[in-house]
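Shown here: structure.tsv, TSV, C-alpha atoms.
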chain	number	residue	atom	x	y	z
Z	15	MET	CA	78.99	95.53	119.00
Z	16	SER	CA	76.42	93.36	117.29
Z	17	LYS	CA	75.75	96.12	114.77
Z	18	VAL	CA	79.38	96.08	113.60
Z	19	VAL	CA	79.28	92.33	113.06
Z	20	ASP	CA	76.07	92.61	111.04
Z	21	ASN	CA	77.62	95.29	108.82
Z	22	SER	CA	80.69	93.22	108.12
Z	23	ILE	CA	78.57	90.18	107.25
Z	24	ILE	CA	76.57	92.20	104.72
Z	25	GLY	CA	79.76	93.75	103.34
Z	26	MET	CA	81.39	90.35	102.93
Z	27	ILE	CA	78.32	88.95	101.11
Z	28	PHE	CA	78.33	92.01	98.85
Z	29	LEU	CA	82.04	91.57	98.04
Z	30	LEU	CA	81.58	87.89	97.19
Z	31	ILE	CA	78.63	88.65	94.92
Z	32	VAL	CA	80.58	91.37	93.10
Z	33	PHE	CA	83.47	88.94	92.64
Z	34	TRP	CA	81.10	86.29	91.28
Z	35	LEU	CA	79.54	88.73	88.82
Z	36	LEU	CA	83.03	89.72	87.70
Z	37	ILE	CA	84.06	86.17	86.78
Z	38	LEU	CA	80.67	85.31	85.28
Z	39	GLU	CA	80.76	85.02	81.48
Z	40	GLU	CA	77.03	85.50	80.78
Z	41	PHE	CA	74.35	86.88	83.05
Z	42	ALA	CA	71.77	84.10	83.12
Z	43	LEU	CA	69.31	84.49	85.99
Z	44	TRP	CA	69.97	81.06	87.52
Z	45	LYS	CA	73.73	81.65	87.57
Z	46	VAL	CA	73.32	84.94	89.41
Z	47	LEU	CA	70.93	83.31	91.88
Z	48	ILE	CA	73.36	80.45	92.54
Z	49	GLY	CA	76.10	83.02	93.15
Z	50	ILE	CA	74.00	84.93	95.67
Z	51	ALA	CA	72.98	81.74	97.48
Z	52	CYS	CA	76.59	80.52	97.65
Z	53	SER	CA	77.83	83.91	98.92
Z	54	VAL	CA	75.30	83.92	101.74
Z	55	LEU	CA	76.05	80.30	102.68
Z	56	ILE	CA	79.83	80.82	102.62
Z	57	VAL	CA	79.64	83.91	104.82
Z	58	LEU	CA	77.25	82.26	107.29
Z	59	PHE	CA	79.51	79.22	107.45
Z	60	MET	CA	82.78	81.19	107.79
Z	61	LYS	CA	81.68	84.13	109.93
Z	62	ASP	CA	83.19	82.77	113.13
Z	63	PHE	CA	86.61	82.46	111.49
Z	64	VAL	CA	86.82	85.48	109.21
Z	65	LEU	CA	84.61	88.12	110.76
Z	66	ASN	CA	85.62	87.60	114.37
Z	67	ARG	CA	86.53	90.95	115.89
Z	68	ASN	CA	89.30	89.43	117.97
Z	69	LEU	CA	91.05	88.12	114.88
Z	70	ARG	CA	90.67	90.80	112.24
Z	71	PHE	CA	91.62	94.46	112.06
Z	72	VAL	CA	89.09	97.22	112.62
Z	73	LEU	CA	87.74	98.52	109.34
Z	74	ASN	CA	88.19	102.28	109.17
Z	75	ILE	CA	89.66	104.74	106.66
Z	76	LYS	CA	93.05	104.93	108.39
Z	77	ASN	CA	93.44	101.17	108.39
Z	78	ILE	CA	92.43	100.84	104.75
Z	79	ILE	CA	95.09	103.41	103.78
Z	80	SER	CA	97.59	101.54	105.95
Z	81	VAL	CA	96.78	98.29	104.17
Z	82	PHE	CA	97.50	99.86	100.77
Z	83	ARG	CA	100.75	101.36	102.09
Z	84	TYR	CA	101.69	97.93	103.46
Z	85	ILE	CA	100.95	96.20	100.15
Z	86	LEU	CA	103.04	98.72	98.17
Z	87	ALA	CA	105.99	98.35	100.56
Z	88	LEU	CA	105.62	94.57	100.37
Z	89	ILE	CA	105.71	94.57	96.56
Z	90	LYS	CA	108.90	96.63	96.69
Z	91	GLU	CA	110.40	94.10	99.12
Z	92	ILE	CA	109.33	91.19	96.91
Z	93	VAL	CA	111.12	92.66	93.90
Z	94	ILE	CA	114.27	93.23	95.97
Z	95	ALA	CA	114.00	89.68	97.34
Z	96	ASN	CA	113.76	88.15	93.89
Z	97	ILE	CA	116.76	90.06	92.56
Z	98	GLN	CA	118.85	89.14	95.62
Z	99	VAL	CA	117.95	85.47	95.39
Z	100	ALA	CA	118.71	85.54	91.67
Z	101	GLN	CA	122.14	87.04	92.42
Z	102	ILE	CA	122.89	84.39	95.04
Z	103	VAL	CA	121.69	81.49	92.90
Z	104	LEU	CA	123.47	82.52	89.71
Z	105	ALA	CA	126.81	83.39	91.35
Z	106	PRO	CA	129.44	80.81	90.34
Z	107	LYS	CA	130.26	80.13	93.99
Z	108	MET	CA	127.14	80.36	96.13
Z	109	LYS	CA	127.77	82.47	99.23
Z	110	ILE	CA	125.22	81.07	101.64
Z	111	GLU	CA	125.56	80.43	105.36
Z	112	PRO	CA	122.07	79.26	106.27
Z	113	ALA	CA	120.83	80.15	109.75
Z	114	LEU	CA	117.76	79.27	111.78
Z	115	VAL	CA	116.82	82.16	114.07
Z	116	LYS	CA	114.14	81.97	116.74
Z	117	PHE	CA	112.69	85.11	118.26
Z	118	LYS	CA	109.63	86.41	120.04
Z	119	GLY	CA	107.23	88.39	117.88
Z	120	LYS	CA	105.56	91.62	118.96
Z	121	VAL	CA	102.20	91.36	117.20
Z	122	SER	CA	99.31	89.84	119.10
Z	123	LYS	CA	96.41	89.18	116.71
Z	124	GLU	CA	96.19	85.94	114.75
Z	125	THR	CA	95.61	87.90	111.54
Z	126	SER	CA	98.77	89.97	112.01
Z	127	LYS	CA	100.72	86.79	112.74
Z	128	ALA	CA	99.53	85.24	109.49
Z	129	VAL	CA	100.26	88.43	107.54
Z	130	LEU	CA	103.67	88.77	109.15
Z	131	GLY	CA	104.57	85.12	108.52
Z	132	ASN	CA	103.62	85.40	104.86
Z	133	SER	CA	105.45	88.72	104.50
Z	134	ILE	CA	108.62	87.23	105.98
Z	135	THR	CA	108.45	84.36	103.51
Z	136	LEU	CA	108.05	86.79	100.61
Z	137	THR	CA	110.90	89.14	101.56
Z	138	PRO	CA	114.69	88.98	101.10
Z	139	GLY	CA	116.31	85.65	101.94
Z	140	THR	CA	113.96	84.62	104.73
Z	141	LEU	CA	111.46	81.80	105.19
Z	142	THR	CA	109.02	81.27	108.05
Z	143	VAL	CA	109.58	77.72	109.25
Z	144	ASP	CA	107.40	77.64	112.34
Z	145	ILE	CA	105.13	79.91	114.35
Z	146	ASP	CA	104.32	78.59	117.79
Z	147	GLY	CA	102.41	81.06	119.93
Z	148	ASP	CA	104.58	84.17	119.89
Z	149	ASN	CA	107.75	82.36	118.87
Z	150	TYR	CA	108.85	82.56	115.27
Z	151	ALA	CA	111.44	80.29	113.68
Z	152	ILE	CA	112.95	82.00	110.65
Z	153	HIS	CA	115.30	80.34	108.19
Z	154	GLY	CA	117.59	82.72	106.35
Z	155	LEU	CA	120.12	82.31	103.58
Z	156	THR	CA	122.57	84.27	105.75
Z	157	ARG	CA	122.37	85.19	109.41
Z	158	GLU	CA	121.79	88.91	108.79
Z	159	TYR	CA	118.81	88.15	106.59
Z	160	ALA	CA	117.28	85.89	109.22
Z	161	GLU	CA	117.69	88.47	112.00
Z	162	ASN	CA	116.18	91.32	109.97
Z	163	PRO	CA	112.49	90.59	110.73
Z	164	MET	CA	113.05	91.12	114.47
Z	165	ASP	CA	112.89	94.89	114.18
Z	166	TRP	CA	111.39	95.53	110.81
Z	167	TYR	CA	109.46	98.60	109.78
Z	168	LEU	CA	106.55	96.52	108.48
Z	169	VAL	CA	106.09	95.08	111.99
Z	170	ASP	CA	105.65	98.60	113.34
Z	171	TRP	CA	103.03	99.29	110.70
Z	172	LEU	CA	101.15	96.16	111.71
Z	173	LEU	CA	101.30	97.28	115.34
Z	174	GLU	CA	99.88	100.66	114.34
Z	175	MET	CA	96.97	98.91	112.65
Z	176	GLU	CA	96.34	96.86	115.80
Z	177	GLU	CA	96.37	99.95	118.01
Z	178	GLU	CA	93.42	101.40	116.09
Z	179	ASP	CA	91.41	98.78	117.93
Z	180	GLU	CA	91.94	100.27	121.37
Z	181	VAL	CA	91.31	103.84	120.25
Z	182	GLU	CA	87.83	103.04	119.03
I	10	MET	CA	102.79	103.64	71.26
I	11	GLU	CA	102.14	100.13	69.94
I	12	LEU	CA	105.86	99.52	69.74
I	13	ILE	CA	106.51	100.67	73.32
I	14	MET	CA	103.70	98.43	74.54
I	15	ASP	CA	105.11	95.45	72.64
I	16	ILE	CA	108.59	96.05	74.03
I	17	LEU	CA	107.14	96.26	77.55
I	18	ILE	CA	105.20	93.01	77.09
I	19	VAL	CA	108.21	91.13	75.74
I	20	PHE	CA	110.35	92.56	78.54
I	21	PHE	CA	107.90	91.32	81.20
I	22	LEU	CA	107.65	87.88	79.57
I	23	ILE	CA	111.42	87.49	79.38
I	24	SER	CA	111.92	88.62	82.99
I	25	GLY	CA	109.23	86.20	84.13
I	26	VAL	CA	110.88	83.31	82.32
I	27	PHE	CA	114.24	84.45	83.73
I	28	PHE	CA	112.92	84.25	87.32
I	29	TYR	CA	111.50	80.78	86.68
I	30	PHE	CA	114.92	79.81	85.35
I	31	VAL	CA	116.55	81.15	88.53
I	32	GLY	CA	114.06	79.13	90.60
I	33	VAL	CA	114.93	75.90	88.82
I	34	VAL	CA	118.70	76.52	89.04
I	35	GLY	CA	118.31	77.31	92.74
I	36	LEU	CA	116.32	74.14	93.27
I	37	ILE	CA	119.20	72.10	91.86
I	38	ARG	CA	122.10	73.97	93.49
I	39	MET	CA	120.88	74.65	97.04
I	40	PRO	CA	122.04	72.27	99.80
I	41	ASP	CA	118.88	71.44	101.82
I	42	VAL	CA	115.08	71.59	101.78
I	43	TYR	CA	114.85	74.96	103.50
I	44	SER	CA	117.28	76.76	101.21
I	45	ARG	CA	115.55	75.22	98.20
I	46	MET	CA	112.25	76.67	99.35
I	47	HIS	CA	113.87	80.13	99.21
I	48	ALA	CA	114.72	79.79	95.56
I	49	THR	CA	111.43	78.25	94.43
I	50	THR	CA	108.98	80.47	96.33
I	51	LYS	CA	110.66	83.80	95.63
I	52	CYS	CA	111.11	83.14	91.98
I	53	ASP	CA	107.64	81.70	91.50
I	54	THR	CA	105.98	84.85	92.82
I	55	LEU	CA	107.71	87.27	90.51
I	56	GLY	CA	107.99	84.81	87.61
I	57	ALA	CA	104.29	84.01	87.49
I	58	GLY	CA	103.42	87.60	88.40
I	59	LEU	CA	105.39	89.12	85.53
I	60	ILE	CA	104.17	86.61	82.94
I	61	LEU	CA	100.55	87.22	83.97
I	62	LEU	CA	101.17	90.98	83.94
I	63	ALA	CA	102.39	90.67	80.37
I	64	LEU	CA	99.19	88.77	79.53
I	65	MET	CA	97.15	91.57	81.12
I	66	LEU	CA	98.87	94.16	78.94
I	67	ALA	CA	98.77	92.08	75.76
I	68	GLN	CA	95.03	92.48	75.23
I	69	PRO	CA	92.49	95.29	75.43
I	70	ILE	CA	90.99	95.84	78.88
I	71	SER	CA	88.07	93.45	79.50
I	72	THR	CA	86.80	91.23	82.28
I	73	ALA	CA	89.67	88.86	81.47
I	74	THR	CA	92.10	91.54	82.68
I	75	ALA	CA	90.40	91.63	86.06
I	76	LYS	CA	90.39	87.84	86.20
I	77	ILE	CA	94.13	87.64	85.53
I	78	PHE	CA	94.65	90.29	88.19
I	79	PHE	CA	92.80	88.10	90.69
I	80	VAL	CA	94.90	85.11	89.65
I	81	ILE	CA	98.02	87.13	90.53
I	82	VAL	CA	96.53	88.15	93.88
I	83	PHE	CA	95.66	84.57	94.79
I	84	ILE	CA	99.04	83.22	93.69
I	85	TRP	CA	100.71	85.79	95.94
I	86	LEU	CA	98.45	84.86	98.82
I	87	THR	CA	98.81	81.09	98.53
I	88	ASN	CA	102.47	80.81	97.55
I	89	PRO	CA	104.01	81.84	100.90
I	90	THR	CA	101.42	79.75	102.74
I	91	ALA	CA	102.36	76.65	100.76
I	92	ALA	CA	106.07	77.36	101.30
I	93	HIS	CA	105.47	77.75	105.01
I	94	ILE	CA	103.56	74.46	105.19
I	95	ILE	CA	106.31	72.55	103.36
I	96	ALA	CA	109.02	74.10	105.56
I	97	ARG	CA	107.02	73.47	108.71
I	98	ALA	CA	106.31	69.86	107.77
I	99	SER	CA	110.02	69.27	107.11
I	100	TYR	CA	110.89	70.93	110.42
I	101	LYS	CA	108.40	68.89	112.42
I	102	THR	CA	109.51	65.61	110.86
I	103	ASN	CA	113.19	66.41	111.59
I	104	ILE	CA	114.46	66.65	108.04
I	105	PRO	CA	118.17	67.50	108.57
I	106	PHE	CA	119.52	70.98	107.93
I	107	ALA	CA	122.62	71.59	105.80
I	108	SER	CA	125.78	70.93	107.81
I	109	ASP	CA	126.88	74.58	108.02
I	110	THR	CA	123.55	75.89	109.33
I	111	GLU	CA	123.77	78.24	112.33
I	112	PHE	CA	121.19	77.98	115.10
I	113	VAL	CA	120.36	81.16	116.98
I	114	ASP	CA	117.72	81.39	119.69
I	115	HIS	CA	116.54	84.79	120.92
I	116	THR	CA	113.40	83.56	122.67
I	117	SER	CA	114.82	82.69	126.08
I	118	ASP	CA	117.90	83.91	128.00
I	119	GLY	CA	120.68	81.34	127.29
I	120	ALA	CA	121.27	80.55	123.67
I	121	LYS	CA	119.78	77.08	123.73
I	122	GLU	CA	120.33	74.86	120.77
I	123	GLU	CA	117.31	72.70	120.48
I	124	ARG	CA	118.56	70.42	117.74
I	125	GLN	CA	121.67	69.84	115.71

Hey, can you dump this file as structure tokens for me?
Amino acid sequence: MSKVVDNSIIGMIFLLIVFWLLILEEFALWKVLIGIACSVLIVLFMKDFVLNRNLRFVLNIKNIISVFRYILALIKEIVIANIQVAQIVLAPKMKIEPALVKFKGKVSKETSKAVLGNSITLTPGTLTVDIDGDNYAIHGLTREYAENPMDWYLVDWLLEMEEEDEVE
Amino acid sequence: MELIMDILIVFFLISGVFFYFVGVVGLIRMPDVYSRMHATTKCDTLGAGLILLALMLAQPISTATAKIFFVIVFIWLTNPTAAHIIARASYKTNIPFASDTEFVDHTSDGAKEERQ
């Protein structure tokens, strides 16, 4: 248990340092040193929030592939969402019947809730208004849009990623 | 090859500007805060994304390309969060919904309408 946490701390520090080196214009020694010091401090300060095993997904190959699959599907949804909103907005007579739908979500981890809330906001005609415990309040441009996220294929993918936890 | 690249870049730029245009028109035409958030957030993501993508393609690959890529990633991460916070703040402070808004509640057994 403690070994996994140590690995993820080192990995996070490494990622931050790589990111810092990427945005660095010139490699002066003091700049690199400041970057390393800041990375270590940030990770030590944030480790209870970001690297908590109860909040985040387990890091294994299957989950990493799932994340990429999720991102690709999400980008597809975003493009569809933008075109649909453009159609609605530019139509001479706007056909909107706004609806506020409340439902109980299936995902349990805080991370999945945040990911799901953001995904709902990014996808066709829906906007996450409130998440309170397991209850989601979704505002949609029409009622069908707002009821879509209740049984959505992305939710099932998130659940799959959570299940990896119990297998290990 | 150069020509195809140029056409692609101009196409991305124009689509990006188009989505910003849609966002602004939606902001003016929509009836209430929540519907307005739909127009602005959706069109900001793809608008900014496409314009930055055009910038990525417009120059030879360098560290700047990676930086612009990270700008896109962070815009896409923060945009829905900001939209959610604005919507949530309006909801908590009882900003009224548009008059024809439907309220549906699937959380408990009777369809309770919490607010009008």

Set the cut-off to 9 Å and count only C-alpha atoms: what are the residues of chain I that reach chain Z? Output as an NGL selection string. :I and (28 or 31-32 or 34-35 or 38-39 or 43-44 or 46-48 or 50-52 or 54-55 or 72-73 or 75-76 or 85-86 or 88-90 or 92-101 or 106-107 or 109-117)

Pick from I:Ile77, I:Met14, I:Val82, I:Val33 nearest to Leu64 in chain I, counting all atoms listed in the file: I:Ile77

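Going from CA of Val80 in chain I to CA of Val121 in chain Z covers 29.2 Å.
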
Suppose you want the space between CA of Glu91 in chain Z and CA of Leu36 in chain I; what is it in Å?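 Separating CA of Glu91 in chain Z from CA of Leu36 in chain I is a distance of 21.6 Å.
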
In Å, rounded to a single decimal, give me how far CA of Glu11 in chain I is from CA of Ile70 in chain I.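 CA of Ile70 in chain I sits 14.9 Å away from CA of Glu11 in chain I.
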
Using all atoms listed in the file, determine which residues lie at most 12 Å from Leu55 in chain Z, disregarding the query and same-chain residues fewer than 3 positions distant; provide the list as a CSV table (one decimal) with C-alpha atoms, keeping the file's coordinate frame.
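Listing of out10.csv after writing:
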chain,number,residue,atom,x,y,z
Z,23,ILE,CA,78.6,90.2,107.2
Z,26,MET,CA,81.4,90.4,102.9
Z,27,ILE,CA,78.3,89.0,101.1
Z,30,LEU,CA,81.6,87.9,97.2
Z,31,ILE,CA,78.6,88.6,94.9
Z,48,ILE,CA,73.4,80.4,92.5
Z,49,GLY,CA,76.1,83.0,93.2
Z,50,ILE,CA,74.0,84.9,95.7
Z,51,ALA,CA,73.0,81.7,97.5
Z,52,CYS,CA,76.6,80.5,97.6
Z,58,LEU,CA,77.2,82.3,107.3
Z,59,PHE,CA,79.5,79.2,107.4
Z,60,MET,CA,82.8,81.2,107.8
Z,61,LYS,CA,81.7,84.1,109.9

Which residue is closest to Leu66 in chain I? Choose from I:Ala91, I:Pro105, I:Gly25, I:Leu17 and count all atoms listed in the file. I:Leu17
